[in-house]
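Q: File coords_27.txt follows (compact mmCIF, C-alpha atoms (C1' of nucleotides)):
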```
# COMPACT_ATOMS: atom_id res chain seq x y z
CA MET P 285 -13.06 22.84 31.27
CA THR P 286 -12.07 20.69 28.30
CA ILE P 287 -14.07 19.23 25.47
CA SER P 288 -13.64 15.46 25.43
CA THR P 289 -12.40 13.35 22.53
CA LYS P 290 -15.96 12.25 21.88
CA GLY P 291 -17.06 15.68 20.78
CA ARG P 292 -13.77 16.51 19.10
CA TYR P 293 -13.72 13.30 17.12
CA ALA P 294 -17.36 13.76 16.14
CA LEU P 295 -16.45 17.13 14.70
CA ARG P 296 -13.57 15.62 12.75
CA ILE P 297 -15.76 12.82 11.44
CA MET P 298 -18.29 15.37 10.20
CA MET P 299 -15.49 17.37 8.61
CA ASP P 300 -14.14 14.28 6.90
CA LEU P 301 -17.54 13.42 5.48
CA ALA P 302 -17.99 17.02 4.40
CA ASN P 303 -14.77 16.69 2.45
CA HIS P 304 -16.21 13.73 0.57
CA ILE P 305 -19.66 14.85 -0.45
CA GLY P 306 -21.28 12.44 -2.91
CA GLU P 307 -19.20 9.48 -1.78
CA THR P 308 -20.01 6.66 0.60
CA VAL P 309 -17.11 6.81 3.01
CA LYS P 310 -15.88 3.77 4.92
CA LEU P 311 -15.18 4.19 8.61
CA LYS P 312 -11.84 2.54 8.04
CA ASP P 313 -10.81 5.35 5.71
CA ILE P 314 -11.92 8.05 8.11
CA ALA P 315 -10.04 6.32 10.89
CA ALA P 316 -6.88 6.18 8.78
CA ARG P 317 -7.06 9.80 7.68
CA GLN P 318 -7.94 11.13 11.11
CA GLU P 319 -5.68 8.73 13.02
CA ILE P 320 -8.43 7.70 15.38
CA SER P 321 -9.16 4.18 16.65
CA GLU P 322 -11.71 2.63 14.31
CA LYS P 323 -13.49 0.82 17.10
CA TYR P 324 -13.85 3.93 19.18
CA MET P 325 -15.08 5.86 16.18
CA GLU P 326 -17.83 3.30 15.66
CA GLN P 327 -19.37 4.33 18.93
CA ILE P 328 -19.20 7.99 18.12
CA ILE P 329 -20.58 7.78 14.61
CA ALA P 330 -23.42 5.62 15.95
CA VAL P 331 -24.61 8.68 17.85
CA LEU P 332 -24.41 10.85 14.74
CA ASN P 333 -26.29 8.16 12.86
CA LYS P 334 -29.11 7.83 15.38
CA ALA P 335 -29.51 11.59 15.38
CA GLY P 336 -29.93 11.51 11.61
CA TYR P 337 -26.86 13.67 10.97
CA VAL P 338 -25.25 10.95 8.83
CA ARG P 339 -26.73 8.12 6.80
CA SER P 340 -25.17 4.66 6.86
CA THR P 341 -25.09 1.99 4.17
CA ARG P 342 -24.52 -1.48 5.56
CA GLY P 343 -22.65 -4.41 4.07
CA ALA P 344 -19.75 -4.57 1.68
CA GLN P 345 -19.04 -1.30 -0.10
CA GLY P 346 -21.02 0.37 2.63
CA GLY P 347 -20.11 3.45 4.57
CA TYR P 348 -21.41 6.82 5.66
CA GLN P 349 -22.40 10.12 4.14
CA LEU P 350 -23.75 13.43 5.36
CA VAL P 351 -27.52 13.79 5.15
CA ARG P 352 -27.52 17.56 4.68
CA PRO P 353 -25.08 20.08 3.23
CA PRO P 354 -22.26 21.24 5.55
CA LYS P 355 -23.79 24.67 6.06
CA ASP P 356 -26.75 23.02 7.80
CA TYR P 357 -24.68 21.65 10.68
CA THR P 358 -23.60 24.04 13.38
CA VAL P 359 -20.73 23.06 15.64
CA GLY P 360 -23.19 23.42 18.50
CA MET P 361 -25.46 20.70 17.12
CA ILE P 362 -22.59 18.26 16.96
CA LEU P 363 -20.94 19.07 20.27
CA ARG P 364 -24.20 19.09 22.21
CA LEU P 365 -25.22 15.79 20.69
CA THR P 366 -22.00 14.04 21.62
CA GLU P 367 -20.91 15.92 24.75
CA GLY P 368 -24.22 16.87 26.24
CA SER P 369 -24.70 20.41 27.50
CA LEU P 370 -21.64 22.63 27.47
CA ALA P 371 -22.78 24.43 30.60
CA PRO P 372 -19.83 25.23 32.90
CA VAL P 373 -21.83 24.27 36.00
CA ASP P 374 -24.53 21.69 36.55
CA CYS P 375 -27.11 24.16 37.79
CA LEU P 376 -27.21 25.73 34.32
CA VAL P 377 -27.82 22.48 32.49
CA GLU P 378 -31.27 22.45 30.94
CA ASN P 379 -33.83 20.75 33.21
CA ALA P 380 -31.37 20.57 36.07
CA LEU P 381 -32.68 20.23 39.58
CA PRO P 382 -33.25 23.78 40.82
CA CYS P 383 -30.41 24.96 43.05
CA GLU P 384 -31.46 25.94 46.53
CA ARG P 385 -28.85 28.72 46.52
CA ASP P 386 -30.01 30.19 43.23
CA GLY P 387 -31.82 33.26 44.57
CA ARG P 388 -28.80 34.56 46.43
CA CYS P 389 -25.94 33.02 44.43
CA ALA P 390 -23.93 35.76 42.73
CA THR P 391 -21.29 33.53 41.19
CA VAL P 392 -23.82 31.82 38.95
CA GLU P 393 -23.94 35.06 37.00
CA ILE P 394 -20.39 34.59 35.77
CA TYR P 395 -21.19 31.05 34.71
CA LYS P 396 -24.20 32.28 32.79
CA ARG P 397 -22.02 34.75 30.95
CA ILE P 398 -19.48 32.06 30.10
CA TYR P 399 -22.23 29.74 28.95
CA ASP P 400 -23.80 32.42 26.77
CA ALA P 401 -20.44 33.25 25.20
CA VAL P 402 -19.71 29.61 24.41
CA ASN P 403 -23.17 29.00 22.99
CA ASN P 404 -22.89 32.05 20.84
CA VAL P 405 -19.65 30.81 19.27
CA ILE P 406 -20.74 27.26 18.61
CA ASP P 407 -24.14 28.19 17.27
CA THR P 408 -22.80 30.68 14.75
CA THR P 409 -20.13 28.45 13.25
CA THR P 410 -21.03 25.71 10.79
CA ILE P 411 -19.14 22.80 9.28
CA GLN P 412 -19.04 24.81 6.07
CA ASP P 413 -17.27 27.64 7.92
CA LEU P 414 -14.66 25.17 9.10
CA LEU P 415 -14.28 23.81 5.58
CA ASP P 416 -13.58 27.32 4.38
CA ILE P 417 -10.95 27.77 7.06
CA GLU P 418 -9.37 24.49 6.03
CA GLN P 419 -9.19 25.64 2.42
CA GLU P 420 -7.57 28.84 3.47
CA LYS P 421 -5.02 27.04 5.62
CA ALA P 422 -4.14 24.70 2.75
CA ALA P 423 -3.72 27.62 0.36
CA ASN P 424 -1.44 29.46 2.76
CA SER P 425 0.73 26.41 3.35
CA TYR P 426 1.97 26.67 -0.27
CA VAL P 427 3.28 30.16 0.27
CA ILE P 428 7.05 30.19 0.84
CA MET Y 246 -16.78 21.26 29.86
CA THR Y 247 -17.43 22.03 33.50
CA ILE Y 248 -15.59 24.14 36.03
CA SER Y 249 -14.64 22.00 39.03
CA THR Y 250 -15.52 22.64 42.64
CA LYS Y 251 -11.98 23.82 43.23
CA GLY Y 252 -12.43 26.91 41.08
CA ARG Y 253 -16.02 27.45 42.09
CA TYR Y 254 -15.25 27.22 45.80
CA ALA Y 255 -12.27 29.53 45.38
CA LEU Y 256 -14.59 32.10 43.88
CA ARG Y 257 -17.01 31.73 46.76
CA ILE Y 258 -14.23 32.03 49.31
CA MET Y 259 -13.06 35.25 47.69
CA MET Y 260 -16.63 36.53 47.65
CA ASP Y 261 -17.05 35.66 51.29
CA LEU Y 262 -13.88 37.54 52.24
CA ALA Y 263 -14.98 40.45 50.07
CA ASN Y 264 -18.15 40.61 52.11
CA HIS Y 265 -16.10 40.98 55.28
CA ILE Y 266 -13.53 43.60 54.43
CA GLY Y 267 -11.62 44.77 57.51
CA GLU Y 268 -12.25 41.57 59.43
CA THR Y 269 -10.04 38.54 59.97
CA VAL Y 270 -12.32 35.73 58.88
CA LYS Y 271 -11.99 32.21 60.24
CA LEU Y 272 -12.12 29.37 57.75
CA LYS Y 273 -14.67 27.69 59.98
CA ASP Y 274 -17.04 30.59 59.48
CA ILE Y 275 -16.60 30.62 55.72
CA ALA Y 276 -17.18 26.89 55.65
CA ALA Y 277 -20.38 27.27 57.65
CA ARG Y 278 -21.74 30.11 55.52
CA GLN Y 279 -20.81 28.52 52.23
CA GLU Y 280 -21.67 24.98 53.28
CA ILE Y 281 -18.34 23.62 52.11
CA SER Y 282 -16.16 21.03 53.86
CA GLU Y 283 -13.68 22.91 56.03
CA LYS Y 284 -10.88 20.44 55.34
CA TYR Y 285 -11.34 20.68 51.61
CA MET Y 286 -11.45 24.45 51.80
CA GLU Y 287 -8.10 24.46 53.58
CA GLN Y 288 -6.47 23.09 50.45
CA ILE Y 289 -8.13 25.63 48.22
CA ILE Y 290 -7.43 28.67 50.32
CA ALA Y 291 -3.80 27.52 50.61
CA VAL Y 292 -3.48 28.14 46.88
CA LEU Y 293 -5.02 31.59 47.20
CA ASN Y 294 -2.66 32.27 50.08
CA LYS Y 295 0.50 31.20 48.24
CA ALA Y 296 -0.50 33.36 45.30
CA GLY Y 297 -0.78 36.33 47.62
CA TYR Y 298 -4.48 36.86 46.94
CA VAL Y 299 -5.33 36.48 50.63
CA ARG Y 300 -3.33 37.04 53.78
CA SER Y 301 -3.49 34.61 56.66
CA THR Y 302 -3.05 35.20 60.38
CA ARG Y 303 -2.04 32.10 62.29
CA GLY Y 304 -2.89 31.02 65.79
CA ALA Y 305 -5.93 31.65 67.94
CA GLN Y 306 -8.13 34.48 66.68
CA GLY Y 307 -6.46 34.03 63.32
CA GLY Y 308 -8.07 33.84 59.92
CA TYR Y 309 -7.94 35.29 56.44
CA GLN Y 310 -8.50 38.55 54.68
CA LEU Y 311 -8.24 39.91 51.16
CA VAL Y 312 -4.97 41.61 50.34
CA ARG Y 313 -6.42 43.98 47.76
CA PRO Y 314 -9.83 45.57 47.16
CA PRO Y 315 -12.41 43.38 45.36
CA LYS Y 316 -12.17 45.38 42.16
CA ASP Y 317 -8.54 44.25 41.78
CA TYR Y 318 -9.41 40.57 41.42
CA THR Y 319 -10.78 39.38 38.13
CA VAL Y 320 -12.63 36.12 37.99
CA GLY Y 321 -10.01 34.99 35.50
CA MET Y 322 -7.20 35.43 38.01
CA ILE Y 323 -8.97 33.20 40.50
CA LEU Y 324 -10.18 30.51 38.13
CA ARG Y 325 -6.86 30.21 36.33
CA LEU Y 326 -5.00 29.99 39.59
CA THR Y 327 -7.14 27.18 40.95
CA GLU Y 328 -8.26 25.40 37.77
CA GLY Y 329 -5.31 25.96 35.51
CA SER Y 330 -5.93 27.06 31.95
CA LEU Y 331 -9.54 27.17 30.83
CA ALA Y 332 -8.58 26.13 27.30
CA PRO Y 333 -11.15 23.75 25.81
CA VAL Y 334 -8.41 21.58 24.27
CA ASP Y 335 -4.90 20.76 25.42
CA CYS Y 336 -3.21 22.07 22.29
CA LEU Y 337 -4.32 25.61 23.22
CA VAL Y 338 -2.91 25.50 26.72
CA GLU Y 339 -0.03 27.90 27.09
CA ASN Y 340 3.34 26.20 26.54
CA ALA Y 341 1.66 23.00 25.33
CA LEU Y 342 3.65 20.62 23.18
CA PRO Y 343 3.10 21.78 19.61
CA CYS Y 344 0.47 19.69 17.83
CA GLU Y 345 1.72 17.91 14.73
CA ARG Y 346 -1.68 18.47 13.07
CA ASP Y 347 -1.74 22.18 13.76
CA GLY Y 348 -0.97 23.45 10.28
CA ARG Y 349 -3.87 21.65 8.68
CA CYS Y 350 -6.29 21.32 11.61
CA ALA Y 351 -9.41 23.33 10.94
CA THR Y 352 -11.32 22.37 14.07
CA VAL Y 353 -8.79 24.08 16.31
CA GLU Y 354 -10.20 27.34 15.03
CA ILE Y 355 -13.51 26.76 16.78
CA TYR Y 356 -11.68 25.96 20.00
CA LYS Y 357 -9.72 29.17 19.71
CA ARG Y 358 -12.95 31.10 19.36
CA ILE Y 359 -14.43 29.39 22.39
CA TYR Y 360 -11.29 30.04 24.38
CA ASP Y 361 -11.23 33.71 23.40
CA ALA Y 362 -14.88 34.13 24.33
CA VAL Y 363 -14.38 32.54 27.74
CA ASN Y 364 -11.25 34.53 28.47
CA ASN Y 365 -12.99 37.72 27.50
CA VAL Y 366 -15.79 37.07 30.01
CA ILE Y 367 -13.63 36.08 32.94
CA ASP Y 368 -11.10 38.85 32.43
CA THR Y 369 -13.69 41.61 32.35
CA THR Y 370 -15.58 40.60 35.47
CA THR Y 371 -14.21 41.33 38.92
CA ILE Y 372 -15.15 40.23 42.42
CA GLN Y 373 -16.54 43.73 42.89
CA ASP Y 374 -18.86 43.19 39.92
CA LEU Y 375 -20.13 40.02 41.53
CA LEU Y 376 -20.62 41.84 44.83
CA ASP Y 377 -22.75 44.39 43.03
CA ILE Y 378 -24.83 41.62 41.49
CA GLU Y 379 -25.27 40.09 44.92
CA GLN Y 380 -26.49 43.40 46.32
CA GLU Y 381 -28.95 43.72 43.52
CA LYS Y 382 -30.27 40.21 44.03
CA ALA Y 383 -30.72 40.82 47.75
CA ALA Y 384 -32.58 44.05 47.07
CA ASN Y 385 -34.89 42.41 44.60
CA SER Y 386 -35.70 39.55 46.94
CA TYR Y 387 -37.56 42.00 49.17
CA VAL Y 388 -39.93 42.97 46.40
CA ILE Y 389 -43.24 41.16 46.64
C1' DC T 100 -24.47 -19.25 -2.92
C1' DT T 101 -20.48 -18.30 -0.70
C1' DT T 102 -17.17 -15.09 0.83
C1' DA T 103 -15.43 -10.86 2.13
C1' DA T 104 -16.38 -6.38 3.60
C1' DT T 105 -18.72 -3.55 6.17
C1' DT T 106 -21.85 -1.63 9.76
C1' DC T 107 -24.14 -2.70 14.31
C1' DC T 108 -24.42 -3.82 19.23
C1' DT T 109 -22.95 -4.63 23.94
C1' DA T 110 -19.69 -5.67 27.52
C1' DT T 111 -15.37 -4.95 29.75
C1' DT T 112 -11.29 -2.53 31.28
C1' DA T 113 -7.36 0.62 32.30
C1' DT T 114 -6.34 5.04 33.60
C1' DG T 115 -6.81 9.25 35.63
C1' DT T 116 -9.13 13.07 37.93
C1' DC T 117 -12.13 14.92 41.23
C1' DA T 118 -13.65 15.76 45.72
C1' DA T 119 -13.03 14.86 49.57
C1' DT T 120 -11.40 12.69 54.20
C1' DA T 121 -7.85 12.02 57.57
C1' DG T 122 -4.35 12.94 60.81
C1' DG T 123 -1.18 15.24 62.69
C1' DG T 124 2.16 19.53 63.02
C1' DT T 125 2.87 24.52 63.95
C1' DT T 126 1.75 29.05 65.58
C1' DT T 127 -0.32 32.43 68.57
C1' DC T 128 -3.64 34.55 71.71
C1' DT T 129 -5.46 34.45 76.37
C1' DA G 238 -0.64 25.76 79.65
C1' DG G 239 -4.25 25.20 76.72
C1' DA G 240 -7.31 26.17 73.19
C1' DA G 241 -8.01 27.92 68.70
C1' DA G 242 -6.68 28.56 64.54
C1' DC G 243 -3.81 27.81 60.27
C1' DC G 244 -0.40 24.49 57.77
C1' DC G 245 1.11 20.25 55.35
C1' DT G 246 0.88 15.79 53.15
C1' DA G 247 -1.04 11.27 52.33
C1' DT G 248 -4.84 8.36 51.23
C1' DT G 249 -9.22 7.00 49.32
C1' DG G 250 -13.82 6.28 47.00
C1' DA G 251 -16.39 7.27 43.18
C1' DC G 252 -16.87 8.33 38.66
C1' DA G 253 -15.95 9.51 33.85
C1' DT G 254 -13.08 9.01 29.97
C1' DA G 255 -11.14 6.60 26.27
C1' DA G 256 -10.65 3.07 24.62
C1' DT G 257 -10.44 -2.35 23.59
C1' DA G 258 -12.80 -6.60 22.52
C1' DG G 259 -15.76 -9.87 20.41
C1' DG G 260 -19.03 -11.15 17.79
C1' DA G 261 -23.82 -10.52 15.15
C1' DA G 262 -26.20 -8.74 11.14
C1' DT G 263 -26.23 -7.07 6.46
C1' DT G 264 -24.95 -6.65 1.65
C1' DA G 265 -22.08 -6.39 -2.74
C1' DA G 266 -19.39 -9.09 -5.71
C1' DG G 267 -17.62 -13.11 -7.82
```
Show the structure stored in the file as structure tokens.
A:
Amino acid sequence: MTISTKGRYALRIMMDLANHIGETVKLKDIAARQEISEKYMEQIIAVLNKAGYVRSTRGAQGGYQLVRPPKDYTVGMILRLTEGSLAPVDCLVENALPCERDGRCATVEIYKRIYDAVNNVIDTTTIQDLLDIEQEKAANSYVI
Amino acid sequence: MTISTKGRYALRIMMDLANHIGETVKLKDIAARQEISEKYMEQIIAVLNKAGYVRSTRGAQGGYQLVRPPKDYTVGMILRLTEGSLAPVDCLVENALPCERDGRCATVEIYKRIYDAVNNVIDTTTIQDLLDIEQEKAANSYVI
DNA sequence: CTTAATTCCTATTATGTCAATAGGGTTTCT
DNA sequence: AGAAACCCTATTGACATAATAGGAATTAAG
């Protein structure tokens, strides 16, 4: 029931870019700040790039930047893109093969409720919300 | 982000026993009804047995039965027992090694919200609730 | 125009977990 | 006895995860 590094790193990459609006950010710098393997990050940001969530500039002095403002990206968009569906069971994944047991399966109801709860959380939280939380955390860390 | 067969089968085993209150149910019969490998189920029900959720009777004519009424078992009890914590990231698992990033990590907040939402669902739904849903489904299947 | 810096693309691999399968041991009813 | 059931532990095949690796393509700067 865990979210893999792929989705978690994608979220951190988006957060890093959101913290550098207006700049073209090198992957190397993100990797250093986030302490993530640069090579692995390449694969993850490629997905964000193909989806049009980030824009890349190739060549020397190149890098990445967010395409839209942080408030336009929900956590759900990012996690679903990189992780696939967050459904707790396969039979709830969109376009899944219909389950033969479905009509009489009672347990699927609990999985639907879990799925709904998760979707609700990730679709109502944006990168901007997380930025705000980060600000708040930083402010509180100065308090003695 | 999926729940493994271990937890799902455990839930179905508990549901099966709940449907046969007062009887001593053979694993072979549960396996047949639920279409689950009997040998695999042995391992799962052993966990339920050690936790005291079911009581076993050994020897010929033996089997299993629920120890308490279905309303006393939350889905959370069963899933946590068989799956371990349902935390979406390791740093939220109870008694996890403290994360060095914790003080400045903003993304953990979204994982906390997901975790809370999931826990809320599984702790407020009991086996009896699922039985009721099953009854309702069966009733509706007769409607033309 | 050359070099260095950077993104882009694809293949390979190590590790670990899941989902069983397997085989025998122990207990108890008839 | 003997059969029927639970009990215990080891092994395995398949798959996904989380990288690592190596080089090709592109572009800014000197």
Q: Can you give me chain P superposed onto chain Y, least-squares on all Cα in order, written as a compact mmCIF listing (two decimals) with C-alpha atoms, in the frame of the given file?
A:
```txt
# COMPACT_ATOMS: atom_id res chain seq x y z
CA MET P 285 -16.76 21.26 29.86
CA THR P 286 -17.42 22.02 33.52
CA ILE P 287 -15.57 24.13 36.03
CA SER P 288 -14.60 21.99 39.01
CA THR P 289 -15.49 22.63 42.64
CA LYS P 290 -11.95 23.83 43.24
CA GLY P 291 -12.39 26.90 41.11
CA ARG P 292 -16.00 27.43 42.11
CA TYR P 293 -15.24 27.21 45.80
CA ALA P 294 -12.25 29.53 45.39
CA LEU P 295 -14.57 32.10 43.88
CA ARG P 296 -17.00 31.74 46.76
CA ILE P 297 -14.22 32.03 49.31
CA MET P 298 -13.06 35.26 47.68
CA MET P 299 -16.63 36.53 47.64
CA ASP P 300 -17.05 35.70 51.31
CA LEU P 301 -13.88 37.55 52.23
CA ALA P 302 -14.97 40.46 50.07
CA ASN P 303 -18.15 40.61 52.11
CA HIS P 304 -16.10 40.99 55.27
CA ILE P 305 -13.53 43.61 54.43
CA GLY P 306 -11.62 44.79 57.50
CA GLU P 307 -12.24 41.60 59.43
CA THR P 308 -10.05 38.56 59.97
CA VAL P 309 -12.32 35.75 58.88
CA LYS P 310 -12.00 32.22 60.24
CA LEU P 311 -12.13 29.38 57.76
CA LYS P 312 -14.69 27.72 59.98
CA ASP P 313 -17.07 30.63 59.47
CA ILE P 314 -16.60 30.64 55.72
CA ALA P 315 -17.19 26.91 55.65
CA ALA P 316 -20.41 27.30 57.64
CA ARG P 317 -21.76 30.14 55.53
CA GLN P 318 -20.82 28.55 52.22
CA GLU P 319 -21.67 24.99 53.28
CA ILE P 320 -18.36 23.63 52.11
CA SER P 321 -16.18 21.05 53.88
CA GLU P 322 -13.71 22.93 56.05
CA LYS P 323 -10.92 20.48 55.38
CA TYR P 324 -11.35 20.68 51.65
CA MET P 325 -11.46 24.45 51.81
CA GLU P 326 -8.11 24.48 53.59
CA GLN P 327 -6.49 23.09 50.50
CA ILE P 328 -8.12 25.60 48.24
CA ILE P 329 -7.41 28.67 50.32
CA ALA P 330 -3.79 27.52 50.63
CA VAL P 331 -3.47 28.13 46.90
CA LEU P 332 -5.00 31.60 47.21
CA ASN P 333 -2.65 32.28 50.09
CA LYS P 334 0.51 31.20 48.26
CA ALA P 335 -0.49 33.35 45.32
CA GLY P 336 -0.76 36.34 47.64
CA TYR P 337 -4.46 36.87 46.95
CA VAL P 338 -5.33 36.47 50.64
CA ARG P 339 -3.32 37.04 53.79
CA SER P 340 -3.48 34.58 56.68
CA THR P 341 -3.07 35.18 60.40
CA ARG P 342 -2.08 32.06 62.29
CA GLY P 343 -2.99 30.96 65.79
CA ALA P 344 -6.02 31.65 67.92
CA GLN P 345 -8.17 34.50 66.65
CA GLY P 346 -6.48 34.02 63.33
CA GLY P 347 -8.08 33.85 59.94
CA TYR P 348 -7.92 35.29 56.45
CA GLN P 349 -8.48 38.57 54.70
CA LEU P 350 -8.23 39.90 51.17
CA VAL P 351 -4.95 41.62 50.34
CA ARG P 352 -6.40 43.99 47.75
CA PRO P 353 -9.81 45.56 47.17
CA PRO P 354 -12.39 43.39 45.36
CA LYS P 355 -12.15 45.38 42.15
CA ASP P 356 -8.53 44.24 41.79
CA TYR P 357 -9.41 40.56 41.43
CA THR P 358 -10.77 39.39 38.12
CA VAL P 359 -12.64 36.10 37.99
CA GLY P 360 -10.00 34.99 35.50
CA MET P 361 -7.19 35.42 38.02
CA ILE P 362 -8.96 33.20 40.50
CA LEU P 363 -10.16 30.50 38.13
CA ARG P 364 -6.84 30.21 36.32
CA LEU P 365 -4.98 29.98 39.60
CA THR P 366 -7.13 27.17 40.94
CA GLU P 367 -8.24 25.39 37.76
CA GLY P 368 -5.29 25.96 35.52
CA SER P 369 -5.91 27.06 31.95
CA LEU P 370 -9.52 27.16 30.82
CA ALA P 371 -8.57 26.14 27.30
CA PRO P 372 -11.14 23.74 25.80
CA VAL P 373 -8.41 21.59 24.25
CA ASP P 374 -4.90 20.77 25.39
CA CYS P 375 -3.22 22.08 22.27
CA LEU P 376 -4.32 25.60 23.20
CA VAL P 377 -2.91 25.48 26.71
CA GLU P 378 -0.02 27.90 27.07
CA ASN P 379 3.34 26.19 26.49
CA ALA P 380 1.67 23.02 25.30
CA LEU P 381 3.62 20.63 23.15
CA PRO P 382 3.08 21.78 19.57
CA CYS P 383 0.46 19.68 17.80
CA GLU P 384 1.69 17.93 14.70
CA ARG P 385 -1.71 18.47 13.06
CA ASP P 386 -1.77 22.19 13.77
CA GLY P 387 -0.99 23.46 10.26
CA ARG P 388 -3.89 21.64 8.67
CA CYS P 389 -6.31 21.31 11.60
CA ALA P 390 -9.44 23.35 10.92
CA THR P 391 -11.33 22.37 14.06
CA VAL P 392 -8.79 24.09 16.30
CA GLU P 393 -10.21 27.35 15.01
CA ILE P 394 -13.51 26.75 16.77
CA TYR P 395 -11.68 25.96 19.99
CA LYS P 396 -9.72 29.18 19.69
CA ARG P 397 -12.94 31.11 19.34
CA ILE P 398 -14.44 29.40 22.38
CA TYR P 399 -11.29 30.04 24.37
CA ASP P 400 -11.22 33.71 23.39
CA ALA P 401 -14.88 34.13 24.34
CA VAL P 402 -14.37 32.53 27.74
CA ASN P 403 -11.24 34.54 28.46
CA ASN P 404 -12.99 37.71 27.51
CA VAL P 405 -15.78 37.07 30.02
CA ILE P 406 -13.62 36.07 32.94
CA ASP P 407 -11.09 38.83 32.45
CA THR P 408 -13.67 41.60 32.35
CA THR P 409 -15.57 40.58 35.47
CA THR P 410 -14.20 41.32 38.92
CA ILE P 411 -15.14 40.24 42.42
CA GLN P 412 -16.54 43.73 42.89
CA ASP P 413 -18.85 43.19 39.91
CA LEU P 414 -20.13 40.02 41.53
CA LEU P 415 -20.62 41.84 44.82
CA ASP P 416 -22.75 44.38 43.01
CA ILE P 417 -24.83 41.62 41.48
CA GLU P 418 -25.27 40.08 44.91
CA GLN P 419 -26.50 43.39 46.30
CA GLU P 420 -28.96 43.71 43.50
CA LYS P 421 -30.25 40.18 44.01
CA ALA P 422 -30.72 40.81 47.73
CA ALA P 423 -32.59 44.04 47.06
CA ASN P 424 -34.91 42.36 44.58
CA SER P 425 -35.68 39.50 46.94
CA TYR P 426 -37.56 41.95 49.21
CA VAL P 427 -39.93 42.93 46.44
CA ILE P 428 -43.29 41.14 46.75
```
Q: When you draw a straight line from C1' of DA241 in chain G to CA of Val292 in chain Y, how long is it in Å?
A: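 Straight-line distance from C1' of DA241 in chain G to CA of Val292 in chain Y works out to 22.3 Å.
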Q: Measure the distance from CA of Tyr348 in chain P to CA of Glu307 in chain P in Å and round it to one decimal.
A: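 So the two atoms, CA of Tyr348 in chain P and CA of Glu307 in chain P, lie 8.2 Å apart.
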Q: Between P:Glu418, P:Ser425, P:Gly360, P:Thr286, which is the closest to Val402 in chain P once you count all atoms listed in the file?
A: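 The shortest atom-to-atom distance to Val402 in chain P comes from P:Gly360.
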Q: Please provide the set of residues having any atom within 7 Å of range 105-120 of chain T, restricted to all atoms listed in the file, with same-chain residues fewer than 5 positions apart removed, written as a PyMOL selection string.
A: (chain P and resi 342-346) or (chain Y and resi 285)
Q: Go through P:Cys383, P:Leu350, P:Val373, P:Ala302 one by one, measure the shortest atom-to-atom distance of each to chain Y using all atoms listed in the file, and give the residue with the smallest value.
A: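 Among P:Cys383, P:Leu350, P:Val373, P:Ala302, it is P:Val373 that comes nearest to chain Y.
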Q: Which residues, written as a VMD selection string, have at least one atom at most 12 Å from DG239 in chain G, with only C-alpha atoms (C1' of nucleotides) counted and residues fewer than 4 positions away on the same chain left out?
A: (chain Y and resid 305) or (chain T and resid 127 to 129)
Q: Tell me, in Å to one decimal, how far CA of Gly348 in chain Y is from CA of Thr289 in chain P.
A: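 It comes out at 19.6 Å.
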Q: Give, as AutoDock Vina command-line options, the centre coordinates and the x, y and z edge lengths in Å to one decimal for an axis-aligned box around all listed atoms of range 378-396 of chain P, padded by 6 Å on each side.
A:
```
--center_x -27.1 --center_y 28.0 --center_z 38.7 --size_x 25.4 --size_y 27.5 --size_z 27.6
```
Q: Smallest atom-to-atom distance to chain G: which of P:Glu326, P:Asp407, P:Asp413, P:Asp400, using only C-alpha atoms (C1' of nucleotides)?
A: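 Closest to chain G, using only C-alpha atoms (C1' of nucleotides): P:Glu326.
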Q: Hey, which of Y:Leu272, Y:Ile281, Y:Met246, Y:Cys350 ends up closest to chain T? Count all atoms listed in the file.
A: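 With all atoms listed in the file as the atom set, the closest residue is Y:Ile281.
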Q: Using all atoms listed in the file, which of P:Thr341, P:Asn333, P:Gln318, P:Asn403 sits nearest chain T?
A: P:Thr341
Q: Using all atoms listed in the file, which chain P residues lie at most 8 Å away from chain Y, written as a count of residues only?
A: 32
Q: Residues of chain G near chain Y: apply a cut-off of 12 Å, count all atoms listed in the file, and supply the list as a ChimeraX atom specification.
A: /G:239-246
Q: Write out as a list in words which residues come within 10 Å of Ile266 in chain Y when counting only C-alpha atoms (C1' of nucleotides), dropping same-chain ones fewer than 5 positions away.
A: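 Non-adjacent residues within range: Asp261, Gln310, Leu311, Val312, Arg313, Pro314 and Pro315 of chain Y.
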